[in-house]
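S.K.: I'd like to ask some things about the structure below.
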Amino acid sequence: MKSDFGDLQSFAGAVAGRVVEVKAQATAHDTETRQKELDYLPSSIRQEARSFAASLATRYNPGSVDLDALIDNAERSVSSGRPVQAVTYFGRALILAGEHSDLWLAAAKTVNAARLKDW
């Protein structure tokens, strides 16, 4: 690995790597803490939210597209007036990054705008 790098340039036979810091997965303690923070919500709503989050993997397939591309596609779909398509991109992105509250908020706003009943 090089200690210094510039713009990526591809050429035949080139091999490159990039070190990326990945946030650790949520622990059981994190989940328990979050659930306690939501005690003001009725348990039926909390259960429905957990069930919905768990169902994302069966509803959407993230495929081989990376998270940033899915978010970009979702945002482009929103700005071009295609909220239903945006919801699909958000659903796929949430499978990859379910801990991003800003992503959940953007998805919820889009679902609300699209007036979808099954989300």
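Identifiers in the structure tokens: chain A, B, ... in order shown; residue index from 1 per chain; ligand index from 1 in order shown.
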For stretch 111-115 of chain A, list every protein, DNA or RNA residue within 6 Å, evaluated using only C-alpha atoms, and leave out those in the same chain fewer than 2 positions away; present the list as a PyMOL selection string.
M.R.: chain A and resi 83+108-109
S.K.: Excluding stretch 65-71 of chain A and any residue of its chain fewer than 3 positions from it, enumerate the residues within 12 Å of it, using only C-alpha atoms, and give them as number ranges by chain.
M.R.: A: 61-62, 74-78, 85-98, 100, 102-104, 106-107
S.K.: For C-alpha atoms, I'd like the residues from the last selection saved as an mmCIF file, in the first residue's frame.
M.R.:
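Saved as part-v4.cif:
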```cif
data_model
loop_
_atom_site.group_PDB
_atom_site.id
_atom_site.type_symbol
_atom_site.label_atom_id
_atom_site.label_comp_id
_atom_site.auth_asym_id
_atom_site.auth_seq_id
_atom_site.Cartn_x
_atom_site.Cartn_y
_atom_site.Cartn_z
ATOM 1 C CA ASN A 61 -33.072 -6.856 -2.350
ATOM 2 C CA PRO A 62 -30.169 -4.413 -2.129
ATOM 3 C CA ALA A 74 -33.516 7.605 -3.954
ATOM 4 C CA GLU A 75 -32.823 11.330 -3.709
ATOM 5 C CA ARG A 76 -32.895 11.720 -7.507
ATOM 6 C CA SER A 77 -36.197 9.842 -7.642
ATOM 7 C CA VAL A 78 -37.665 12.138 -4.975
ATOM 8 C CA GLN A 85 -39.413 4.436 -6.979
ATOM 9 C CA ALA A 86 -37.594 6.398 -4.253
ATOM 10 C CA VAL A 87 -39.218 4.248 -1.566
ATOM 11 C CA THR A 88 -37.790 1.135 -3.220
ATOM 12 C CA TYR A 89 -34.302 2.641 -3.205
ATOM 13 C CA PHE A 90 -34.695 3.717 0.420
ATOM 14 C CA GLY A 91 -35.879 0.218 1.373
ATOM 15 C CA ARG A 92 -32.830 -1.329 -0.294
ATOM 16 C CA ALA A 93 -30.535 1.204 1.399
ATOM 17 C CA LEU A 94 -32.046 0.548 4.831
ATOM 18 C CA ILE A 95 -31.116 -3.115 4.542
ATOM 19 C CA LEU A 96 -27.486 -2.044 4.234
ATOM 20 C CA ALA A 97 -27.607 0.781 6.777
ATOM 21 C CA GLY A 98 -30.540 0.290 9.100
ATOM 22 C CA HIS A 100 -28.939 5.588 9.962
ATOM 23 C CA ASP A 102 -31.504 10.253 8.786
ATOM 24 C CA LEU A 103 -32.107 7.557 6.184
ATOM 25 C CA TRP A 104 -35.175 6.289 8.067
ATOM 26 C CA ALA A 106 -35.990 10.465 4.549
ATOM 27 C CA ALA A 107 -37.707 7.155 3.770
#
```
S.K.: List the neighbours of stretch 49-51 of chain A out to 12 Å using only C-alpha atoms; skip same-chain residues closer than 3 positions along the sequence, and give me the result as a list in words.
M.R.: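 Skipping anything fewer than 3 positions along the chain leaves Thr31, Arg34, Gln35, Leu38, Leu41, Pro42, Ser43, Ser44, Ile45, Arg46, Ala54, Ser55, Leu56, Ala57, Thr58, Gly98, Trp104, Ala108 and Trp119 of chain A.
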S.K.: With distances taken over only C-alpha atoms, which residue among A:Phe52, A:Arg82, A:Tyr40, A:Ala14 lies nearest A:Thr110?
M.R.: A:Arg82
